[in-house]
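S.K.: Structure provided below as structure tokens; questions to follow.
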Amino acid sequence: MIINHPLLGPRDAAEFVYLGDASLMNRPDWQSTDAGNQFYEYQYLRDNPAGELRELWYHEQGDRSWLVVTRNTLTHAISKVELARDVKLQEINSKTKTTAAAKKGKKA
Amino acid sequence: MTQSHRINGGLVSRNQPVNFKFNNTSYVGYQGDTLASALLANGVKLVGRSFKYHRPRGILTAGSEEPNALVELRSGAHQEPNTRATTVELFEGLEAKSQNHRGPLKYDFMAINDLMSPFLAAGFYYKTFMWPKAFWEKLYEPTIRAAAGLGRLSGQEDPDSYDKGFLHCDILVIGSGPAGIAAALQAGRSGAQVILADEDFIFGGRLNSETMEVGGESSQAFAANATDELAAMPNVRLMPRTTIYGAYDHGIYGAIERKTDHLGSSNGKPRQVLWRIYSKRAILAGGSNERPIAFGNNDRPGIMLASAVRTYANRFGVLPGKRISIFTNNDDGWRTASDLAAKGAQITAIIDTRDVEPLGAFKDTAIIMGGRIIDTRGRHGVSSITLRNGQTIDTDCVAVSGGWNPNVHLTCHQRGRPQWREDIAGFVPAGEMPIGMSVVGAANGSMTLAASLNDGHLFANKIAKELGFTPSRKSAPKAEDEAAKTSAYWYVKESTARAWVDQQNDVTVKDIKLSHQEGFRSVEHLKRYTTLGMATDQGKTSNILGLAVMAEVSGKTIAETGTTIFRPPYTPVPIGAFGGRVRGKDFKPTRYTPSHTWAKENGAIFIESGMWMRAQWHPKSGETHWRESVDREVLATRKSVGICDVTTLGKIDIQGKDAAEFLNLVYSNAFGKLPVGKVRYGLMLREDGIAYDDGTTARLAENHFVMTTTTANAVLVFRRMEFVRQCLRPDLDVHLISVTEQWAQYAIAGPNARKLLEKIVDKKHNISNESFPFMACGEISICDGTPARLFRISFSGELAYELAVPTRYGDALIRELMDAGKEFDVTPYGLEALGVMRIEKGHAAGNELNGQTTALNLGLGKMVSKKKDAIGSRLSERDQMNRDDAIKLVGFKPVDSSKSLTAGAHFVTKGKEPTMAHDQGYMTSVGYSPNLKTSIGLGFIKRGDQRIGEIVTAFDGLRGTTQDVEIVSPHFIDPEGERLRA
Amino acid sequence: MRYSALKVFKEAMTGHKGWEPVWREPEPKAEYDVIVIGGGGHGLATAYYLAKEFGITNVAVLEKGWIGGGNVGRNTTIIRSNYLLPGNTPFYELSMKLWENLEQDFNYNAMVSQRGVMNLYHSDAQRDAYVRRGNAMIMAGVDAELLNREQLQKECPFLDFDNARFPIMGALAQRRGGSVRHDAVAWGYARGADSRGVDIIQNCEVNGFVMDKGVCKGVTTNRGTIKAKKIAVCVAGSSGKVMSYAGMRLPIESHVLQAFVSEGLKPVIPGVLTFGAGHFYVSQSDKGGLVFGGDIDGYNTYAQRGNLPVVEDVCEGGMALMPMIGRARLLRMWGGVMDMSMDGSPFIDKTGIDGLYFNGGWCYGGFKATPASGFCYAHLIAKDQPHEFAQELRLDRFMRGHLIDEKGVGAQPNLH
């Protein structure tokens, strides 16, 4: 397979190490009330779709980027490749904004 | 020997005779021959035996689809079993032997199987050999095994080398027949980067086998001229003798190029090169393969595919028979007749299964329309055929044409599922093609010459354009379409004798009918039950015939019956080629520590530790047993000072203003408040709560840490930390870099360690116990200004330091330390002594951190902080991981101190049977403590921490030992840690 | 119909006219006592033992394609019971014992061939880990033997003892391990089940469950709705897909494992060998092909095909271990889709849904488990109690923290 690295262009998949479903980026809050159950689901349960899957690849023989690759598990066609860092930062920022907005809302 | 069947013409070099041997008989052929054509030229028909019935076998085809003519090529360690004579280029001194027979080929003792054949029908072995039970293992199976198999391996190491390489191109053209060569020409003319690959040693495919005209010249001349034109294009890479064996994801193709197989010796050059070709687009022009018709005793030597007979005549100048008959269900069979007649061959009969007007007239040739061959005769080669009307015709070669199968092999490697096309009576590519693949010519069902040339030409134009190139305005080579009407006629129902479908595996029409009768009706069941198509040719000549027979007996159409699909490789590829250079010592890279040269000079014994080579011990002259050396190293270290190269530990440099917070997340214990200038032992868990790795992390500055990991996990820990950094907490300001190879690091351990260090540490640094206590660290300089890092940490339990310098000083440093240490009798110690001392001290290592143990098991439960979030802390709280009877790491001593403990022994309560129900735990690490003068061990046992002093049984049934052992504290030496604080 | 040498002889003399179909081709009934989804080795074995051991014969096996077309038809045919952990060992040993009597039991020759399995070790630490395992096997009543270098060399002189990158130091051997003719296992079970009244229905793809107040009461298929009291899912490789119809997420990922076979060769390899310093294991089939494999490709997939890096990796391992195979040719490579579970061990369990049972998560080790899997699953379905040897193979074990992780690599399926 060939992964089109957002910074480095097309690279052979053999340069990468595979981890699994990108849901592994959504590590639960350790202090939430049912953290035990949430961590169990986070660590062990998978959608395992026969179709498009967002998954994590690590460019170990390259620039050490973790990538979020959207790939079809039936055809292996890759439709999207993102830097995991960007994906996560965006999520964190939007969360912060929502929280900030919520706070603002409360004040108002 | 004269070449009794050689005629004029063809593409062999008459001025270059080549001597070769088959079954120890010498023959002569010409340069340009294959082994098959040269054997036929010499009148050799019988070349092998079939798999099951050991029936005599001759050459069926002229290409890589050959099921019969398999030989053992070359001798000694070079022996190459199952080699198709039809693809072996003749070279001077070639030696080949037939295979799969006992006694001479002509009088194969195993041919008795053929007489037994009524008992050996498809699947017979599933129904018998079951009684008495013991006979299967002792008698039946060994007999079957000995009889099975085809050729022999030499049993010696493959003496040849193989290379691997990577190629990139815009357009990969697979196959150089009319469609492929036309495509390659147009693609090349457009300026695209083109690779043209063909398994044959000359380009042109069937153009070389025909006498047709292309662009006003003979097809052979056209192929040669086109090859010249392509060779002159700098953007075209011609790859003859190259098989594209598989189509993989995203336009990647596997190719095997045979570099020296056509030579007498590889002369030290790689025999073959395994290429991975990265293509933007691929044009598959794999052509088609002719298939036989099944009729009674159709497997005798001399019965060949009509197209192959034509190839031998036109390309090699060989007539496979003197009196040739033709059996056909299509127009193409007639072309064989006219070509052969033009070469002066005697055509004794043309039998066409169709009731149509004859397509030609030949002198002295019986023409039978609507005819059937029902049987043949001839023990080691066909001598006559019998027709439906009882008429017998003498013949020594039957050219059979059952129609053509588009070569869809590569289109099936992914999601393609071929589809039946009634008009050509063949399966054509369908379903999803591999990304970027187009199929042209006969492979796609364009069965005639002009159509194929056009197809290749137009597709190449289209693809070049899509890739942004400008197609050349040249028109496609001109040719005429030949007559190509065909009929779906598969097997002669009137035959009562066995009619072969798969000649290598001995599958007959009756076997297929039996398969149907017994319910094995899906094509996959048919294949598996009868072994149809599972031979070395993957059924290239037999599959379609077989499933057509199945369709007929099921009363279904072929389209309804479906087809099995092909798996890579297209033709078999040597395992050695897939292995490439990676074997022997080159299997994996070898890593050396900075003190390696010095250690080697001083006679150290080395051992593989992962990829690393590490000193296992450093023998002194006079020492005769490894234990002598190891005991000495341990005692000397504990008495004075020892040095060990610990560079192999993973080292990770961590910087950034959130580095401490980051470490708090990856380590189970807290790092936030670690003061600058201090080191802390850290434990990492996996997210599932199992202990993962341990090591020390030093805080060199407010925002600068350096971590060590175990040798084994260096790469994995770094990978995981990058995961945490990028995927979980990209909001933290932290940066990581692996510095394992940038720093040489030595452990200096023993009561005199400080004294030794004081000799080389620059005076401005005070390393007294007060200024530089246990767990201190600092960036210092040594030997007048050489930068270094000093960590006061101890794995041995002694007063100890680890001293790191940039790797380029590593060799100098070991020499300097040894020199400076002379007055303390400094002793280098190896991995064994390191292991003994860490067991004496009760430190867990790889054997204990085995991926199945928790912090609780390791006695490190308190290191899992509940006050903060850390990887693994939450899931480590699960019930079953916190059972009251959890195993705990403790020490063990033999009750009889003269005995040795063994790692891997299991513990059972004294007096209990060693059964699974009584299993209490297991020994992980053992060693001999020269200090305690006894064997000691570490291990896990249920509730171990509460059982100190108990005697239990250590069961090592595998090694045949059982002994009583005492549970003791894992800290055999200095349990209070006074030494390391001294 | 009973198979025997005499029967083969008789049929040979009479033109093989008397052989009957090995299984019938019935139309599905409206309702069964038990529906087994999946006509692979495990599903057919389950139906066989339901009928034979538990007297439940009103059973249908629904297969979306042709029976035996899943992993029982595309594996490397190895059987062994050389496991370490108590959750596994008795189960696989039960399987081994069933293998040892299988042919007499179902009157079909699946060619169980106990030529031994040898796991090579290349370091002291690896030896110690194998010793731990070997002793666990002996304590569970399984045969195990430790071979040193000299003993191994005598049996396998062709290994690269002289020039190996990682020295070959010996092996942990299980002599009762070996290989079996894999397709015959499916056919033998099918024949045995069919003759006891089980309906084997091919080309019948399940596409949903019939749910009634939280209870599973049947399945919908491309051939209509079929009801049953108990529905037993047994579709390793597609578990994620099928269980998603019931809204369940599983501790499973689907991965591809490639397997390879060489051209037929006269016998060269004595039993099953596994390389301890690389990804390679090999045996030789009765027909003479070297059957070998290595690691899974490592990425989630439902495609029955792999890619080149693993092909090369496996062959590199083979050449490093036994460089005599360099001139043998790889004839065919294929892929099978594995249910890779989170600890490398399988599941035979009830689900949270009444009437719905689950069997899956076999990773790349399902073939050897076929008899015990069928037996224990049948036991669970018949009695609603787990068989004693399968009681650890529960879906909730991750919730409880009771991991059965033989390799010790944690919740990352592609490492098991």
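As shown in the structure tokens, the chain order sets the letters A, B, ...; within each chain, residues go from 1, and ligands are also counted from 1 in the order they appear.
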Run DSSP on the backbone of this structure and report the residues of range 174-404 of chain C it assigns to strand (DSSP E), as a ChimeraX atom specification.

M.R.: /C:174,178-179,199-201,206-212,215-221,224-233,252-264,272-274,281-284,289-300,329-341,347-350,356-360

S.K.: Could you list, with a cut-off of 12 Å and counting only C-alpha atoms, the residues of chain A near chain C, each shown with its nearest atom pair and the distance in Å rounded to one decimal, rows sorted by chain and ascending number, as JSON lines?

M.R.:
```
{"residue": "A:Met1", "atom": "CA", "partner": "C:Asn307", "partner_atom": "CA", "distance": 7.4}
{"residue": "A:Ile2", "atom": "CA", "partner": "C:Asn307", "partner_atom": "CA", "distance": 11.0}
{"residue": "A:Asp12", "atom": "CA", "partner": "C:Pro309", "partner_atom": "CA", "distance": 9.7}
{"residue": "A:Ala13", "atom": "CA", "partner": "C:Pro309", "partner_atom": "CA", "distance": 8.8}
{"residue": "A:Ala14", "atom": "CA", "partner": "C:Pro309", "partner_atom": "CA", "distance": 6.4}
{"residue": "A:Glu15", "atom": "CA", "partner": "C:Pro309", "partner_atom": "CA", "distance": 10.0}
{"residue": "A:Phe16", "atom": "CA", "partner": "C:Gly298", "partner_atom": "CA", "distance": 10.6}
{"residue": "A:Val17", "atom": "CA", "partner": "C:Gly298", "partner_atom": "CA", "distance": 8.5}
{"residue": "A:Tyr18", "atom": "CA", "partner": "C:Tyr299", "partner_atom": "CA", "distance": 6.2}
{"residue": "A:Leu19", "atom": "CA", "partner": "C:Gln412", "partner_atom": "CA", "distance": 7.4}
{"residue": "A:Gly20", "atom": "CA", "partner": "C:Tyr299", "partner_atom": "CA", "distance": 7.2}
{"residue": "A:Asp21", "atom": "CA", "partner": "C:Asn300", "partner_atom": "CA", "distance": 8.6}
{"residue": "A:Ala22", "atom": "CA", "partner": "C:Asn300", "partner_atom": "CA", "distance": 11.8}
{"residue": "A:Leu24", "atom": "CA", "partner": "C:Gln412", "partner_atom": "CA", "distance": 10.9}
{"residue": "A:Gly36", "atom": "CA", "partner": "C:Met399", "partner_atom": "CA", "distance": 8.6}
{"residue": "A:Asn37", "atom": "CA", "partner": "C:Met399", "partner_atom": "CA", "distance": 7.6}
{"residue": "A:Gln38", "atom": "CA", "partner": "C:Met399", "partner_atom": "CA", "distance": 10.4}
{"residue": "A:Phe39", "atom": "CA", "partner": "C:Met399", "partner_atom": "CA", "distance": 9.5}
{"residue": "A:Tyr40", "atom": "CA", "partner": "C:Met399", "partner_atom": "CA", "distance": 6.2}
{"residue": "A:Glu41", "atom": "CA", "partner": "C:Met399", "partner_atom": "CA", "distance": 8.7}
{"residue": "A:Tyr42", "atom": "CA", "partner": "C:Pro251", "partner_atom": "CA", "distance": 10.2}
{"residue": "A:Gln43", "atom": "CA", "partner": "C:Ala411", "partner_atom": "CA", "distance": 6.9}
{"residue": "A:Tyr44", "atom": "CA", "partner": "C:Pro251", "partner_atom": "CA", "distance": 5.0}
{"residue": "A:Leu45", "atom": "CA", "partner": "C:Pro251", "partner_atom": "CA", "distance": 4.5}
{"residue": "A:Arg46", "atom": "CA", "partner": "C:Arg249", "partner_atom": "CA", "distance": 5.9}
{"residue": "A:Asp47", "atom": "CA", "partner": "C:Arg249", "partner_atom": "CA", "distance": 5.8}
{"residue": "A:Asn48", "atom": "CA", "partner": "C:Glu253", "partner_atom": "CA", "distance": 5.5}
{"residue": "A:Pro49", "atom": "CA", "partner": "C:Lys241", "partner_atom": "CA", "distance": 6.8}
{"residue": "A:Ala50", "atom": "CA", "partner": "C:Tyr302", "partner_atom": "CA", "distance": 6.3}
{"residue": "A:Gly51", "atom": "CA", "partner": "C:Tyr302", "partner_atom": "CA", "distance": 8.5}
{"residue": "A:Glu52", "atom": "CA", "partner": "C:Thr301", "partner_atom": "CA", "distance": 10.1}
{"residue": "A:Leu53", "atom": "CA", "partner": "C:Asn300", "partner_atom": "CA", "distance": 8.5}
{"residue": "A:Arg54", "atom": "CA", "partner": "C:Asn300", "partner_atom": "CA", "distance": 10.3}
{"residue": "A:Glu55", "atom": "CA", "partner": "C:Asn300", "partner_atom": "CA", "distance": 8.7}
{"residue": "A:Leu56", "atom": "CA", "partner": "C:Tyr299", "partner_atom": "CA", "distance": 9.7}
{"residue": "A:Trp57", "atom": "CA", "partner": "C:Tyr299", "partner_atom": "CA", "distance": 9.2}
{"residue": "A:Val69", "atom": "CA", "partner": "C:Tyr299", "partner_atom": "CA", "distance": 11.3}
{"residue": "A:Thr70", "atom": "CA", "partner": "C:Asn300", "partner_atom": "CA", "distance": 11.6}
{"residue": "A:Arg71", "atom": "CA", "partner": "C:Asn300", "partner_atom": "CA", "distance": 9.4}
{"residue": "A:Asn72", "atom": "CA", "partner": "C:Thr301", "partner_atom": "CA", "distance": 8.0}
{"residue": "A:Thr73", "atom": "CA", "partner": "C:Thr301", "partner_atom": "CA", "distance": 4.4}
{"residue": "A:Leu74", "atom": "CA", "partner": "C:Tyr302", "partner_atom": "CA", "distance": 5.3}
{"residue": "A:Thr75", "atom": "CA", "partner": "C:Ala303", "partner_atom": "CA", "distance": 7.0}
{"residue": "A:His76", "atom": "CA", "partner": "C:Thr301", "partner_atom": "CA", "distance": 7.6}
{"residue": "A:Ala77", "atom": "CA", "partner": "C:Thr301", "partner_atom": "CA", "distance": 11.1}
```

S.K.: What would the file look like if the residues just selected were written as a short mmCIF file (atom, residue, chain, number, x, y, z; two decimals), in the first residue's frame with N, CA and C atoms?

M.R.:
```cif
data_model
loop_
_atom_site.label_atom_id
_atom_site.label_comp_id
_atom_site.auth_asym_id
_atom_site.auth_seq_id
_atom_site.Cartn_x
_atom_site.Cartn_y
_atom_site.Cartn_z
N MET A 1 0.83 -1.20 0.00
CA MET A 1 0.00 0.00 0.00
C MET A 1 0.87 1.25 0.00
N ILE A 2 0.29 2.32 -0.45
CA ILE A 2 0.99 3.60 -0.47
C ILE A 2 0.18 4.62 0.31
N ASP A 12 5.68 4.22 0.96
CA ASP A 12 5.24 2.83 1.07
C ASP A 12 4.78 2.55 2.49
N ALA A 13 3.68 1.82 2.59
CA ALA A 13 3.12 1.51 3.91
C ALA A 13 4.10 0.76 4.80
N ALA A 14 5.08 0.10 4.17
CA ALA A 14 6.05 -0.66 4.96
C ALA A 14 6.90 0.25 5.86
N GLU A 15 6.91 1.54 5.57
CA GLU A 15 7.66 2.47 6.42
C GLU A 15 6.91 2.77 7.71
N PHE A 16 5.66 2.36 7.75
CA PHE A 16 4.80 2.75 8.87
C PHE A 16 4.56 1.57 9.82
N VAL A 17 4.18 1.93 11.02
CA VAL A 17 3.71 0.94 11.99
C VAL A 17 2.24 1.21 12.24
N TYR A 18 1.46 0.14 12.28
CA TYR A 18 0.01 0.28 12.40
C TYR A 18 -0.41 0.15 13.86
N LEU A 19 -1.32 0.99 14.27
CA LEU A 19 -1.85 0.84 15.63
C LEU A 19 -3.29 0.34 15.62
N GLY A 20 -4.17 1.05 14.93
CA GLY A 20 -5.57 0.62 14.95
C GLY A 20 -6.52 1.79 14.83
N ASP A 21 -7.74 1.56 15.24
CA ASP A 21 -8.81 2.54 15.12
C ASP A 21 -8.43 3.88 15.73
N ALA A 22 -8.71 4.95 15.01
CA ALA A 22 -8.35 6.29 15.49
C ALA A 22 -9.13 6.68 16.74
N LEU A 24 -8.71 5.45 19.36
CA LEU A 24 -7.72 5.39 20.44
C LEU A 24 -7.20 6.78 20.81
N GLY A 36 -14.21 3.64 34.77
CA GLY A 36 -13.84 2.23 34.60
C GLY A 36 -14.45 1.66 33.33
N ASN A 37 -15.73 1.89 33.16
CA ASN A 37 -16.42 1.38 31.99
C ASN A 37 -15.95 2.08 30.71
N GLN A 38 -15.77 3.38 30.85
CA GLN A 38 -15.31 4.13 29.66
C GLN A 38 -13.94 3.65 29.19
N PHE A 39 -13.03 3.42 30.14
CA PHE A 39 -11.70 2.94 29.75
C PHE A 39 -11.80 1.54 29.16
N TYR A 40 -12.68 0.72 29.71
CA TYR A 40 -12.87 -0.63 29.16
C TYR A 40 -13.30 -0.54 27.70
N GLU A 41 -14.28 0.30 27.44
CA GLU A 41 -14.77 0.41 26.06
C GLU A 41 -13.71 1.01 25.14
N TYR A 42 -13.01 2.03 25.67
CA TYR A 42 -11.95 2.70 24.90
C TYR A 42 -10.86 1.70 24.51
N GLN A 43 -10.47 0.88 25.46
CA GLN A 43 -9.33 0.00 25.25
C GLN A 43 -9.71 -1.25 24.46
N TYR A 44 -10.92 -1.75 24.63
CA TYR A 44 -11.21 -3.09 24.13
C TYR A 44 -12.25 -3.21 23.02
N LEU A 45 -13.21 -2.32 22.96
CA LEU A 45 -14.29 -2.54 21.98
C LEU A 45 -14.02 -1.78 20.68
N ARG A 46 -14.36 -2.40 19.59
CA ARG A 46 -14.07 -1.81 18.28
C ARG A 46 -15.32 -1.86 17.39
N ASP A 47 -15.46 -0.84 16.56
CA ASP A 47 -16.51 -0.89 15.52
C ASP A 47 -16.15 -1.91 14.45
N ASN A 48 -14.86 -1.97 14.12
CA ASN A 48 -14.37 -2.96 13.16
C ASN A 48 -15.20 -2.99 11.89
N PRO A 49 -15.36 -1.83 11.24
CA PRO A 49 -16.29 -1.77 10.10
C PRO A 49 -15.74 -2.47 8.86
N ALA A 50 -16.66 -3.03 8.08
CA ALA A 50 -16.30 -3.52 6.75
C ALA A 50 -16.60 -2.37 5.80
N GLY A 51 -15.65 -1.48 5.65
CA GLY A 51 -15.85 -0.27 4.86
C GLY A 51 -14.83 0.76 5.33
N GLU A 52 -15.23 2.01 5.35
CA GLU A 52 -14.28 3.07 5.72
C GLU A 52 -13.93 3.02 7.20
N LEU A 53 -12.65 3.14 7.46
CA LEU A 53 -12.15 3.12 8.83
C LEU A 53 -11.11 4.23 8.97
N ARG A 54 -11.23 5.01 10.03
CA ARG A 54 -10.17 5.98 10.35
C ARG A 54 -9.21 5.29 11.30
N GLU A 55 -7.95 5.28 10.92
CA GLU A 55 -7.01 4.47 11.68
C GLU A 55 -5.67 5.17 11.83
N LEU A 56 -4.89 4.69 12.78
CA LEU A 56 -3.62 5.34 13.13
C LEU A 56 -2.43 4.58 12.57
N TRP A 57 -1.59 5.31 11.85
CA TRP A 57 -0.33 4.76 11.33
C TRP A 57 0.80 5.68 11.82
N VAL A 69 -5.37 7.87 8.95
CA VAL A 69 -5.59 7.45 7.57
C VAL A 69 -7.02 6.93 7.45
N THR A 70 -7.75 7.45 6.49
CA THR A 70 -9.09 6.93 6.24
C THR A 70 -9.00 5.94 5.09
N ARG A 71 -9.27 4.68 5.40
CA ARG A 71 -9.00 3.61 4.44
C ARG A 71 -10.18 2.65 4.44
N ASN A 72 -10.48 2.12 3.30
CA ASN A 72 -11.59 1.17 3.18
C ASN A 72 -11.07 -0.24 3.45
N THR A 73 -11.68 -0.93 4.41
CA THR A 73 -11.16 -2.25 4.78
C THR A 73 -11.58 -3.35 3.82
N LEU A 74 -12.41 -3.02 2.85
CA LEU A 74 -12.75 -4.00 1.82
C LEU A 74 -11.87 -3.85 0.59
N THR A 75 -11.61 -2.59 0.21
CA THR A 75 -10.86 -2.34 -1.03
C THR A 75 -9.44 -1.86 -0.77
N HIS A 76 -9.16 -1.42 0.43
CA HIS A 76 -7.88 -0.82 0.81
C HIS A 76 -7.67 0.57 0.21
N ALA A 77 -8.67 1.10 -0.44
CA ALA A 77 -8.54 2.45 -1.01
C ALA A 77 -8.44 3.47 0.12
#
```

S.K.: Once you count only C-alpha atoms, which residues of chain A turn out to be within 6 Å of chain B? Could you give them as a ChimeraX atom specification?

M.R.: /A:1,25,84-85

S.K.: Convert the current residue selection to file output with C-alpha atoms, as an mmCIF file, in the first residue's frame.

M.R.:
```cif
data_model
loop_
_atom_site.group_PDB
_atom_site.id
_atom_site.type_symbol
_atom_site.label_atom_id
_atom_site.label_comp_id
_atom_site.auth_asym_id
_atom_site.auth_seq_id
_atom_site.Cartn_x
_atom_site.Cartn_y
_atom_site.Cartn_z
ATOM 1 C CA MET A 1 0.000 0.000 0.000
ATOM 2 C CA MET A 25 -7.138 9.154 20.334
ATOM 3 C CA ALA A 84 -2.993 13.015 13.997
ATOM 4 C CA ARG A 85 -1.639 16.008 15.834
#
```

S.K.: Would you mind listing what lies within 12 Å of Val198 in chain C as a ChimeraX atom specification, with only C-alpha atoms counted and same-chain residues fewer than 2 positions away left out?

M.R.: /C:23-29,32-36,39,43-52,55-62,189-196,200-201

S.K.: Hey, list the chain C side of the contact with chain B: 6 Å cut-off, only C-alpha atoms, answer as a PyMOL selection string.

M.R.: chain C and resi 3-5+12+20-22+108-109+128+131-132+135+139-140+163-165+263-266+286-288+312+315-316+319-320+323-324+326-333+400-402+408-409

S.K.: Using only C-alpha atoms, please write the residues we just selected to a file, as a PDB file, in the first residue's frame.

M.R.:
```pdb
ATOM      1  CA  TYR C   3     -16.993 -45.485   4.315  1.00  0.00           C
ATOM      2  CA  SER C   4     -14.526 -48.331   4.421  1.00  0.00           C
ATOM      3  CA  ALA C   5     -11.801 -49.946   2.357  1.00  0.00           C
ATOM      4  CA  ALA C  12     -14.245 -49.364  -7.776  1.00  0.00           C
ATOM      5  CA  GLU C  20     -24.106 -40.652  -2.460  1.00  0.00           C
ATOM      6  CA  PRO C  21     -23.822 -36.925  -1.874  1.00  0.00           C
ATOM      7  CA  VAL C  22     -21.802 -36.261   1.251  1.00  0.00           C
ATOM      8  CA  TYR C 108     -13.999 -39.740   7.351  1.00  0.00           C
ATOM      9  CA  ASN C 109     -10.256 -39.655   6.890  1.00  0.00           C
ATOM     10  CA  ASP C 128      13.301 -20.165  29.895  1.00  0.00           C
ATOM     11  CA  VAL C 131      10.428 -24.165  29.749  1.00  0.00           C
ATOM     12  CA  ARG C 132       7.770 -22.297  31.682  1.00  0.00           C
ATOM     13  CA  ASN C 135       6.040 -27.324  32.375  1.00  0.00           C
ATOM     14  CA  MET C 139       1.038 -30.076  34.497  1.00  0.00           C
ATOM     15  CA  ALA C 140      -2.077 -29.896  32.330  1.00  0.00           C
ATOM     16  CA  ASN C 163      25.743 -19.177  10.220  1.00  0.00           C
ATOM     17  CA  ALA C 164      22.504 -18.050  11.842  1.00  0.00           C
ATOM     18  CA  ARG C 165      22.194 -14.446  12.940  1.00  0.00           C
ATOM     19  CA  GLU C 263       5.252 -26.634  -5.443  1.00  0.00           C
ATOM     20  CA  GLY C 264       5.135 -30.297  -4.522  1.00  0.00           C
ATOM     21  CA  LEU C 265       8.432 -31.726  -3.324  1.00  0.00           C
ATOM     22  CA  LYS C 266       9.597 -35.099  -2.115  1.00  0.00           C
ATOM     23  CA  ASP C 286       0.941 -35.089   2.327  1.00  0.00           C
ATOM     24  CA  LYS C 287       1.014 -33.911  -1.285  1.00  0.00           C
ATOM     25  CA  GLY C 288       4.532 -32.552  -0.825  1.00  0.00           C
ATOM     26  CA  GLU C 312       9.000 -11.007   1.784  1.00  0.00           C
ATOM     27  CA  CYS C 315      10.328 -15.829   3.076  1.00  0.00           C
ATOM     28  CA  GLU C 316      13.247 -13.986   4.649  1.00  0.00           C
ATOM     29  CA  MET C 319      15.694 -18.464   4.201  1.00  0.00           C
ATOM     30  CA  ALA C 320      17.338 -17.448   7.473  1.00  0.00           C
ATOM     31  CA  PRO C 323      18.420 -21.823   3.286  1.00  0.00           C
ATOM     32  CA  MET C 324      17.887 -25.116   1.450  1.00  0.00           C
ATOM     33  CA  GLY C 326      15.783 -21.152  -1.776  1.00  0.00           C
ATOM     34  CA  ARG C 327      15.253 -23.119  -4.969  1.00  0.00           C
ATOM     35  CA  ALA C 328      11.808 -24.353  -4.021  1.00  0.00           C
ATOM     36  CA  ARG C 329       9.176 -22.188  -5.608  1.00  0.00           C
ATOM     37  CA  LEU C 330       6.307 -20.464  -3.959  1.00  0.00           C
ATOM     38  CA  LEU C 331       3.263 -21.721  -5.820  1.00  0.00           C
ATOM     39  CA  ARG C 332       0.366 -19.885  -4.267  1.00  0.00           C
ATOM     40  CA  MET C 333      -0.272 -17.255  -1.647  1.00  0.00           C
ATOM     41  CA  ARG C 400     -13.166  -8.137  34.891  1.00  0.00           C
ATOM     42  CA  GLY C 401      -9.474  -7.879  34.098  1.00  0.00           C
ATOM     43  CA  HIS C 402      -9.022 -11.592  33.545  1.00  0.00           C
ATOM     44  CA  GLY C 408       1.857 -10.792  26.783  1.00  0.00           C
ATOM     45  CA  VAL C 409       1.456  -7.995  24.265  1.00  0.00           C
TER      46      VAL C 409
END
```

S.K.: Expressed in Å to a single decimal, how great is the separation between CA of Gly360 in chain B and CA of Gly63 in chain B?

M.R.: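 So the answer is 27.9 Å.
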
S.K.: Quick one: everything within 8 Å of Asp693 in chain B, counting only C-alpha atoms, minus sequence neighbours fewer than 3 positions away in the same chain. Send it as a list in words.

M.R.: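 Contacts, with the query itself left out: Leu683, Met684, Leu685, Thr709, Thr710, Asn713, Val717 and Leu849 of chain B.
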
S.K.: Would you kindly return, as a list in words, each protein, DNA or RNA residue with an atom no farther than 8 Å from any atom of Leu547 in chain B, considering only C-alpha atoms and excluding same-chain residues fewer than 5 positions away?

M.R.: Val523, Ile558, Thr561, Gly562 and Thr563 of chain B
